[in-house]
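J.: Hey, dropping model_37.pdb in here, PDB, C-alpha atoms, pLDDT in the B column:
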```
MODEL        1
ATOM      1  CA  MET A  57     -12.513 -11.442  -8.419  1.00 72.00           C
ATOM      2  CA  GLN A  58     -13.113  -7.730  -8.586  1.00 81.00           C
ATOM      3  CA  LEU A  59     -12.260  -5.372  -5.747  1.00 88.00           C
ATOM      4  CA  ASN A  60     -15.075  -3.122  -4.624  1.00 91.00           C
ATOM      5  CA  LYS A  61     -14.619   0.641  -4.977  1.00 93.00           C
ATOM      6  CA  PHE A  62     -14.089   1.038  -1.219  1.00 95.00           C
ATOM      7  CA  THR A  63     -11.080  -1.302  -1.364  1.00 94.00           C
ATOM      8  CA  ASP A  64      -9.772   0.215  -4.587  1.00 94.00           C
ATOM      9  CA  TYR A  65      -9.873   3.764  -3.217  1.00 96.00           C
ATOM     10  CA  ALA A  66      -8.470   2.736   0.173  1.00 96.00           C
ATOM     11  CA  LEU A  67      -5.441   1.139  -1.479  1.00 95.00           C
ATOM     12  CA  ARG A  68      -4.971   4.228  -3.628  1.00 94.00           C
ATOM     13  CA  ILE A  69      -5.102   6.447  -0.541  1.00 95.00           C
ATOM     14  CA  LEU A  70      -2.461   4.327   1.198  1.00 94.00           C
ATOM     15  CA  MET A  71      -0.176   4.619  -1.812  1.00 93.00           C
ATOM     16  CA  TYR A  72      -0.882   8.315  -2.292  1.00 93.00           C
ATOM     17  CA  ILE A  73      -0.034   9.347   1.266  1.00 93.00           C
ATOM     18  CA  SER A  74       2.934   7.015   1.569  1.00 90.00           C
ATOM     19  CA  LEU A  75       5.372   9.698   0.430  1.00 85.00           C
ATOM     20  CA  PRO A  76       6.605  11.526   3.510  1.00 82.00           C
ATOM     21  CA  ARG A  77       6.314  15.294   3.530  1.00 86.00           C
ATOM     22  CA  ASP A  78       6.310  18.139   6.032  1.00 89.00           C
ATOM     23  CA  THR A  79       2.580  18.817   5.927  1.00 92.00           C
ATOM     24  CA  PRO A  80      -0.194  16.264   6.334  1.00 94.00           C
ATOM     25  CA  TYR A  81      -2.294  15.310   3.332  1.00 95.00           C
ATOM     26  CA  THR A  82      -5.854  16.606   3.175  1.00 94.00           C
ATOM     27  CA  ILE A  83      -8.954  14.846   1.961  1.00 93.00           C
ATOM     28  CA  ALA A  84      -9.612  17.729  -0.425  1.00 93.00           C
ATOM     29  CA  GLU A  85      -6.273  17.337  -2.217  1.00 94.00           C
ATOM     30  CA  ILE A  86      -6.515  13.547  -2.299  1.00 95.00           C
ATOM     31  CA  ALA A  87     -10.046  13.762  -3.721  1.00 95.00           C
ATOM     32  CA  GLN A  88      -8.931  16.175  -6.408  1.00 95.00           C
ATOM     33  CA  ASP A  89      -5.811  14.237  -7.390  1.00 94.00           C
ATOM     34  CA  LEU A  90      -7.508  10.825  -7.359  1.00 94.00           C
ATOM     35  CA  ASN A  91     -10.684  12.208  -8.934  1.00 94.00           C
ATOM     36  CA  VAL A  92     -12.925  10.770  -6.198  1.00 93.00           C
ATOM     37  CA  SER A  93     -15.669  12.559  -4.272  1.00 94.00           C
ATOM     38  CA  GLN A  94     -14.671  13.982  -0.906  1.00 94.00           C
ATOM     39  CA  ASN A  95     -17.746  12.453   0.733  1.00 94.00           C
ATOM     40  CA  HIS A  96     -16.681   8.969  -0.366  1.00 93.00           C
ATOM     41  CA  LEU A  97     -13.107   9.557   0.807  1.00 95.00           C
ATOM     42  CA  VAL A  98     -14.278  10.757   4.227  1.00 94.00           C
ATOM     43  CA  LYS A  99     -15.934   7.369   4.824  1.00 96.00           C
ATOM     44  CA  ILE A 100     -12.863   5.459   3.701  1.00 96.00           C
ATOM     45  CA  VAL A 101     -10.423   7.612   5.665  1.00 96.00           C
ATOM     46  CA  HIS A 102     -12.610   7.300   8.763  1.00 95.00           C
ATOM     47  CA  PHE A 103     -12.574   3.500   8.425  1.00 97.00           C
ATOM     48  CA  MET A 104      -8.808   3.378   7.899  1.00 96.00           C
ATOM     49  CA  GLY A 105      -8.289   5.708  10.855  1.00 95.00           C
ATOM     50  CA  LYS A 106     -10.309   3.348  13.065  1.00 96.00           C
ATOM     51  CA  GLN A 107      -8.057   0.510  11.877  1.00 96.00           C
ATOM     52  CA  ASP A 108      -5.032   2.642  12.915  1.00 95.00           C
ATOM     53  CA  TRP A 109      -3.684   2.511   9.364  1.00 96.00           C
ATOM     54  CA  LEU A 110      -3.777   6.318   9.174  1.00 95.00           C
ATOM     55  CA  ILE A 111      -2.896   8.990  11.672  1.00 93.00           C
ATOM     56  CA  THR A 112      -5.551  11.676  11.463  1.00 91.00           C
ATOM     57  CA  THR A 113      -5.321  15.132  12.982  1.00 89.00           C
ATOM     58  CA  ARG A 114      -8.255  17.533  13.123  1.00 89.00           C
ATOM     59  CA  GLY A 115      -8.217  21.289  12.896  1.00 86.00           C
ATOM     60  CA  LYS A 116      -5.972  23.847  11.285  1.00 86.00           C
ATOM     61  CA  GLY A 117      -2.790  22.212  10.060  1.00 82.00           C
ATOM     62  CA  GLY A 118      -4.416  18.803  10.449  1.00 86.00           C
ATOM     63  CA  GLY A 119      -4.759  16.066   7.911  1.00 91.00           C
ATOM     64  CA  LEU A 120      -3.625  12.543   7.215  1.00 94.00           C
ATOM     65  CA  ARG A 121      -0.394  10.677   7.588  1.00 94.00           C
ATOM     66  CA  LEU A 122       0.410   7.038   7.016  1.00 93.00           C
ATOM     67  CA  ASN A 123       0.941   5.055  10.197  1.00 94.00           C
ATOM     68  CA  PRO A 124       4.370   3.494   9.569  1.00 92.00           C
ATOM     69  CA  VAL A 125       3.300   0.135  11.031  1.00 94.00           C
ATOM     70  CA  ILE A 126       1.003  -0.415   8.039  1.00 94.00           C
ATOM     71  CA  LEU A 127       4.059  -0.824   5.805  1.00 93.00           C
ATOM     72  CA  GLU A 128       4.677  -4.289   7.271  1.00 94.00           C
ATOM     73  CA  PHE A 129       1.068  -5.461   6.950  1.00 95.00           C
ATOM     74  CA  ARG A 130       0.356  -8.202   4.431  1.00 96.00           C
ATOM     75  CA  LEU A 131      -1.624  -7.017   1.418  1.00 96.00           C
ATOM     76  CA  GLY A 132      -4.039  -9.950   1.608  1.00 95.00           C
ATOM     77  CA  HIS A 133      -4.848  -9.085   5.226  1.00 95.00           C
ATOM     78  CA  ILE A 134      -5.645  -5.504   4.294  1.00 96.00           C
ATOM     79  CA  VAL A 135      -7.768  -6.445   1.285  1.00 95.00           C
ATOM     80  CA  ARG A 136      -9.729  -9.005   3.340  1.00 94.00           C
ATOM     81  CA  ILE A 137     -10.588  -6.308   5.885  1.00 95.00           C
ATOM     82  CA  LEU A 138     -11.520  -3.775   3.209  1.00 95.00           C
ATOM     83  CA  GLN A 139     -13.621  -6.223   1.197  1.00 93.00           C
ATOM     84  CA  GLY A 140     -15.531  -7.314   4.302  1.00 88.00           C
ATOM     85  CA  ASP A 141     -17.472 -10.538   4.101  1.00 79.00           C
ATOM     86  CA  ALA A 142     -18.519 -10.100   0.486  1.00 76.00           C
ATOM     87  CA  GLN A 143     -19.171 -13.461  -1.125  1.00 78.00           C
ATOM     88  CA  ILE A 144     -18.167 -14.105  -4.719  1.00 79.00           C
ATOM     89  CA  VAL A 145     -21.481 -15.921  -5.219  1.00 81.00           C
ATOM     90  CA  GLU A 146     -24.584 -15.805  -3.049  1.00 81.00           C
ATOM     91  CA  CYS A 147     -26.532 -19.058  -2.906  1.00 83.00           C
ATOM     92  CA  ASN A 148     -29.118 -18.105  -0.272  1.00 81.00           C
ATOM     93  CA  THR A 149     -30.722 -14.897  -1.564  1.00 82.00           C
ATOM     94  CA  PRO A 150     -32.710 -15.889  -3.460  1.00 84.00           C
ATOM     95  CA  PRO A 151     -32.325 -19.544  -2.519  1.00 85.00           C
ATOM     96  CA  CYS A 152     -30.712 -21.415  -5.380  1.00 86.00           C
ATOM     97  CA  VAL A 153     -32.453 -24.617  -6.447  1.00 89.00           C
ATOM     98  CA  LEU A 154     -29.104 -26.033  -7.631  1.00 86.00           C
ATOM     99  CA  ARG A 155     -27.504 -25.776  -4.191  1.00 82.00           C
ATOM    100  CA  PRO A 156     -27.945 -29.428  -3.109  1.00 84.00           C
ATOM    101  CA  ARG A 157     -25.917 -30.715  -6.071  1.00 88.00           C
ATOM    102  CA  CYS A 158     -23.659 -27.744  -6.865  1.00 88.00           C
ATOM    103  CA  GLY A 159     -19.920 -27.650  -6.313  1.00 88.00           C
ATOM    104  CA  LEU A 160     -19.347 -24.209  -7.820  1.00 88.00           C
ATOM    105  CA  LYS A 161     -19.453 -22.204  -4.580  1.00 86.00           C
ATOM    106  CA  GLY A 162     -16.792 -24.364  -2.945  1.00 88.00           C
ATOM    107  CA  ILE A 163     -14.527 -24.066  -5.974  1.00 91.00           C
ATOM    108  CA  LEU A 164     -14.978 -20.288  -6.142  1.00 89.00           C
ATOM    109  CA  ASP A 165     -14.397 -19.922  -2.389  1.00 89.00           C
ATOM    110  CA  GLN A 166     -11.157 -21.879  -2.792  1.00 92.00           C
ATOM    111  CA  ALA A 167     -10.104 -19.585  -5.666  1.00 92.00           C
ATOM    112  CA  VAL A 168     -10.779 -16.504  -3.533  1.00 91.00           C
ATOM    113  CA  GLU A 169      -8.686 -17.990  -0.711  1.00 92.00           C
ATOM    114  CA  GLN A 170      -5.820 -18.563  -3.166  1.00 94.00           C
ATOM    115  CA  PHE A 171      -6.206 -14.946  -4.321  1.00 93.00           C
ATOM    116  CA  TYR A 172      -5.727 -13.722  -0.737  1.00 93.00           C
ATOM    117  CA  GLN A 173      -2.819 -16.107  -0.157  1.00 95.00           C
ATOM    118  CA  SER A 174      -1.151 -14.723  -3.265  1.00 95.00           C
ATOM    119  CA  LEU A 175      -1.608 -11.161  -1.995  1.00 95.00           C
ATOM    120  CA  ASP A 176      -0.210 -12.194   1.393  1.00 96.00           C
ATOM    121  CA  GLN A 177       3.169 -12.764  -0.249  1.00 95.00           C
ATOM    122  CA  TYR A 178       3.534  -8.972  -0.323  1.00 95.00           C
ATOM    123  CA  THR A 179       3.533  -6.197   2.242  1.00 94.00           C
ATOM    124  CA  VAL A 180       2.309  -2.650   1.743  1.00 93.00           C
ATOM    125  CA  ALA A 181       5.979  -1.617   1.563  1.00 92.00           C
ATOM    126  CA  ASP A 182       6.449  -4.058  -1.340  1.00 92.00           C
ATOM    127  CA  VAL A 183       3.620  -2.386  -3.241  1.00 89.00           C
ATOM    128  CA  LEU A 184       5.092   1.053  -2.679  1.00 85.00           C
ATOM    129  CA  ASN A 185       8.578   0.019  -3.785  1.00 77.00           C
ATOM    130  CA  ALA A 186       7.578  -2.089  -6.772  1.00 62.00           C
ATOM    131  CA  PRO A 187       8.382  -0.819 -10.269  1.00 63.00           C
ATOM    132  CA  PRO A 188       5.319  -0.078 -12.425  1.00 61.00           C
ATOM    133  CA  GLN A 189       3.978  -3.142 -14.214  1.00 56.00           C
ATOM    134  CA  THR A 190       2.094  -3.401 -17.451  1.00 50.00           C
ATOM    135  CA  THR A 191      -1.241  -5.114 -17.099  1.00 48.00           C
ATOM    136  CA  ILE A 192      -1.831  -8.563 -18.473  1.00 48.00           C
ATOM    137  CA  VAL A 193      -4.675  -7.120 -20.549  1.00 47.00           C
ATOM    138  CA  ASN A 194      -2.111  -5.258 -22.655  1.00 47.00           C
ATOM    139  CA  SER A 195       0.049  -8.297 -23.276  1.00 44.00           C
ATOM    140  CA  PRO A 196      -0.421 -10.362 -26.421  1.00 47.00           C
ATOM    141  CA  ILE A 197      -2.540 -13.464 -26.005  1.00 46.00           C
ATOM    142  CA  PRO A 198      -0.835 -16.572 -27.345  1.00 48.00           C
ATOM    143  CA  ASN A 199      -2.675 -18.685 -29.854  1.00 49.00           C
ATOM    144  CA  LEU A 200      -3.693 -21.821 -27.997  1.00 48.00           C
ATOM    145  CA  ASN A 201      -5.085 -23.579 -31.072  1.00 49.00           C
ATOM    146  CA  VAL A 202      -2.577 -26.302 -31.780  1.00 43.00           C
TER     147      VAL A 202
ENDMDL
END
```
Would you encode the structure as structure tokens?
T.:
Amino acid sequence: MQLNKFTDYALRILMYISLPRDTPYTIAEIAQDLNVSQNHLVKIVHFMGKQDWLITTRGKGGGLRLNPVILEFRLGHIVRILQGDAQIVECNTPPCVLRPRCGLKGILDQAVEQFYQSLDQYTVADVLNAPPQTTIVNSPIPNLNV
């Protein structure tokens, strides 16, 4: 499963603004540091503000702060909300002729559910306190030919 850009950037924003400081973070600085357009970030920040994940203040001296309650939220819960109701496969548009005898969608839906359950083992605080990990892509692949 691949996260959409909205989810990817939202998670990055949460991590970016998690470090407490005296002044609020601004969309302009986040956009520059994360190399993402300000227009895209405005939409994401607005959404996260409506979810009460961020504390937003308008005007001079305003900006963004992390709502401390988000630290206890389960990662799977957050990703589910950010991803919306995106299906891993779409069988209805266009209608798939294999649908009456296909078990793939059910298997993939189960895999997605296991993905979210795995993420739910962790809170946002866990993500922020975790040591950096190397990706599995960089690890050697064992030879499975026996």
J.: Which one is closest to Met71 in chain A: A:Leu164, A:Leu90, A:Val145, A:Leu184? Count only C-alpha atoms.
T.: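 That would be A:Leu184, the residue with the smallest distance to Met71 in chain A.
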J.: Which residue out of A:Ile144, A:Ala66, A:Ile73, A:Val125 has the minimum interatomic distance to Ile163 in chain A when only C-alpha atoms are used?
T.: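 Smallest distance to Ile163 in chain A is found for A:Ile144.
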J.: Counting only C-alpha atoms, figure out which residue out of A:Leu127, A:Leu120, A:Ile69, A:Met57 gets nearest to Ile100 in chain A.
T.: A:Ile69
J.: Got a sec: who's within 9 Å of Asp108 in chain A, counting only C-alpha atoms, leaving out chain neighbours fewer than 4 positions off, as a list in words?
T.: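 Contacts, with the query itself left out: Phe103, Met104, Asn123, Val125 and Ile126 of chain A.
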J.: Which residues are close to range 77-84 of chain A, i.e. within 9 Å by all atoms listed in the file, leaving aside same-chain residues fewer than 4 positions away? Reply as a PyMOL selection string.
T.: chain A and resi 73+88-89+93-94+97-98+101+112-113+117-121
J.: Would you mind reading off the distance between CA of Leu122 in chain A and CA of Trp109 in chain A, one decimal, in Å?
T.: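 Result for CA of Leu122 in chain A versus CA of Trp109 in chain A: 6.5 Å, one decimal.
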J.: Quote the spacing between CA of Asp176 in chain A and CA of Cys158 in chain A in Å to one decimal place.
T.: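 Interatomic distance here is 29.3 Å.
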J.: Between CA of Gln173 in chain A and CA of Gln58 in chain A, what distance in Å does the model show, to one decimal?
T.: 15.7 Å
J.: Nearest to Gln166 in chain A: which of A:Asn91, A:Gln143, A:Leu75, A:Leu70 is it, counting all atoms listed in the file?
T.: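 Ranking A:Asn91, A:Gln143, A:Leu75, A:Leu70 by distance to Gln166 in chain A, first place goes to A:Gln143.
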J.: Could you state which residues are captured by the PyMOL selection byres ((chain A and resi 180) around 7) in this file, as a compact mmCIF listing (two decimals) with C-alpha atoms, keeping the file's coordinate frame?
T.:
```txt
# COMPACT_ATOMS: atom_id res chain seq x y z
CA ILE A 126 1.00 -0.42 8.04
CA LEU A 127 4.06 -0.82 5.80
CA GLU A 128 4.68 -4.29 7.27
CA PHE A 129 1.07 -5.46 6.95
CA ARG A 130 0.36 -8.20 4.43
CA LEU A 131 -1.62 -7.02 1.42
CA TYR A 178 3.53 -8.97 -0.32
CA THR A 179 3.53 -6.20 2.24
CA ALA A 181 5.98 -1.62 1.56
CA ASP A 182 6.45 -4.06 -1.34
CA VAL A 183 3.62 -2.39 -3.24
CA LEU A 184 5.09 1.05 -2.68
```
J.: Find the axis-aligned box for range 88-97 of chain A, covering all its listed atoms and adding 6 Å on each side, and write its centre and edge lengths in Å to one decimal as JSON.
T.:
```
{"center_x": -11.8, "center_y": 12.6, "center_z": -4.1, "size_x": 23.9, "size_y": 19.2, "size_z": 21.7}
```
J.: Here's a test: counting all atoms listed in the file, identify every protein, DNA and RNA residue with an atom at most 12 Å from (-9.6, -8.9, 1.8) in the file's coordinate frame, and state them as an NGL selection string.
T.: :A and (57-60 or 62-64 or 66-67 or 130-144 or 168-176)
J.: For Glu146 in chain A, list every protein, DNA or RNA residue within 12 Å, evaluated using only C-alpha atoms, and leave out those in the same chain fewer than 4 positions away; present the list as number ranges by chain.
T.: A: 141-142, 150-152, 155, 160-162, 164-165
J.: Taking all atoms listed in the file into account, name the residue in A:Asn148, A:Arg68, A:Gly115, A:Gln177 that is nearest to Ile86 in chain A.
T.: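 Selected residue with least distance to Ile86 in chain A: A:Arg68.
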J.: Missing atoms in range 73-84 of chain A should be modelled up to all heavy atoms and reported as a short mmCIF file (atom, residue, chain, number, x, y, z; two decimals), in the coordinates of the input.
T.:
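Result saved to rebuild.cif:
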```
data_model
loop_
_atom_site.label_atom_id
_atom_site.label_comp_id
_atom_site.auth_asym_id
_atom_site.auth_seq_id
_atom_site.Cartn_x
_atom_site.Cartn_y
_atom_site.Cartn_z
N ILE A 73 -0.59 8.65 0.11
CA ILE A 73 -0.03 9.35 1.27
C ILE A 73 1.23 8.68 1.81
O ILE A 73 1.72 9.07 2.87
CB ILE A 73 -1.08 9.52 2.39
CG1 ILE A 73 -1.46 8.19 3.01
CG2 ILE A 73 -2.29 10.26 1.89
CD1 ILE A 73 -2.32 8.35 4.25
N SER A 74 1.74 7.72 1.09
CA SER A 74 2.93 7.02 1.57
C SER A 74 4.21 7.85 1.43
O SER A 74 5.18 7.60 2.12
CB SER A 74 3.11 5.71 0.82
OG SER A 74 3.45 5.95 -0.54
N LEU A 75 4.19 8.86 0.58
CA LEU A 75 5.37 9.70 0.43
C LEU A 75 5.45 10.69 1.58
O LEU A 75 4.53 11.49 1.78
CB LEU A 75 5.33 10.45 -0.91
CG LEU A 75 5.37 9.58 -2.15
CD1 LEU A 75 5.17 10.43 -3.40
CD2 LEU A 75 6.70 8.84 -2.22
N PRO A 76 6.50 10.61 2.37
CA PRO A 76 6.60 11.53 3.51
C PRO A 76 6.76 12.97 3.05
O PRO A 76 7.40 13.24 2.03
CB PRO A 76 7.85 11.05 4.26
CG PRO A 76 8.52 10.05 3.41
CD PRO A 76 7.64 9.73 2.26
N ARG A 77 6.16 13.87 3.80
CA ARG A 77 6.31 15.29 3.53
C ARG A 77 6.08 16.05 4.82
O ARG A 77 5.61 15.48 5.80
CB ARG A 77 5.40 15.75 2.39
CG ARG A 77 3.93 15.70 2.71
CD ARG A 77 3.12 16.15 1.50
NE ARG A 77 1.77 16.53 1.90
CZ ARG A 77 0.84 16.90 1.07
NH1 ARG A 77 1.09 16.96 -0.21
NH2 ARG A 77 -0.35 17.23 1.50
N ASP A 78 6.39 17.33 4.81
CA ASP A 78 6.31 18.14 6.03
C ASP A 78 4.88 18.39 6.50
O ASP A 78 4.62 18.46 7.69
CB ASP A 78 7.02 19.48 5.83
CG ASP A 78 8.52 19.30 5.64
OD1 ASP A 78 9.07 18.30 6.14
OD2 ASP A 78 9.15 20.17 5.01
N THR A 79 3.97 18.54 5.55
CA THR A 79 2.58 18.82 5.93
C THR A 79 1.72 17.58 5.69
O THR A 79 1.96 16.82 4.76
CB THR A 79 2.01 19.99 5.09
OG1 THR A 79 2.08 19.65 3.71
CG2 THR A 79 2.78 21.27 5.36
N PRO A 80 0.71 17.41 6.53
CA PRO A 80 -0.19 16.26 6.33
C PRO A 80 -0.99 16.42 5.03
O PRO A 80 -1.18 17.52 4.53
CB PRO A 80 -1.13 16.32 7.53
CG PRO A 80 -0.50 17.24 8.51
CD PRO A 80 0.38 18.16 7.73
N TYR A 81 -1.43 15.30 4.51
CA TYR A 81 -2.29 15.31 3.33
C TYR A 81 -3.71 15.66 3.76
O TYR A 81 -4.11 15.36 4.89
CB TYR A 81 -2.30 13.93 2.67
CG TYR A 81 -0.99 13.58 2.02
CD1 TYR A 81 0.03 12.96 2.74
CD2 TYR A 81 -0.76 13.87 0.68
CE1 TYR A 81 1.24 12.63 2.15
CE2 TYR A 81 0.44 13.54 0.08
CZ TYR A 81 1.44 12.92 0.82
OH TYR A 81 2.63 12.60 0.22
N THR A 82 -4.46 16.28 2.87
CA THR A 82 -5.85 16.61 3.18
C THR A 82 -6.78 15.80 2.27
O THR A 82 -6.40 15.40 1.16
CB THR A 82 -6.15 18.11 2.96
OG1 THR A 82 -6.02 18.41 1.57
CG2 THR A 82 -5.23 18.98 3.81
N ILE A 83 -7.96 15.58 2.75
CA ILE A 83 -8.95 14.85 1.96
C ILE A 83 -9.25 15.60 0.67
O ILE A 83 -9.41 15.00 -0.38
CB ILE A 83 -10.23 14.59 2.78
CG1 ILE A 83 -9.91 13.53 3.84
CG2 ILE A 83 -11.38 14.15 1.90
CD1 ILE A 83 -11.04 13.19 4.77
N ALA A 84 -9.31 16.92 0.76
CA ALA A 84 -9.61 17.73 -0.42
C ALA A 84 -8.57 17.51 -1.53
O ALA A 84 -8.92 17.32 -2.69
CB ALA A 84 -9.69 19.21 -0.05
#
```
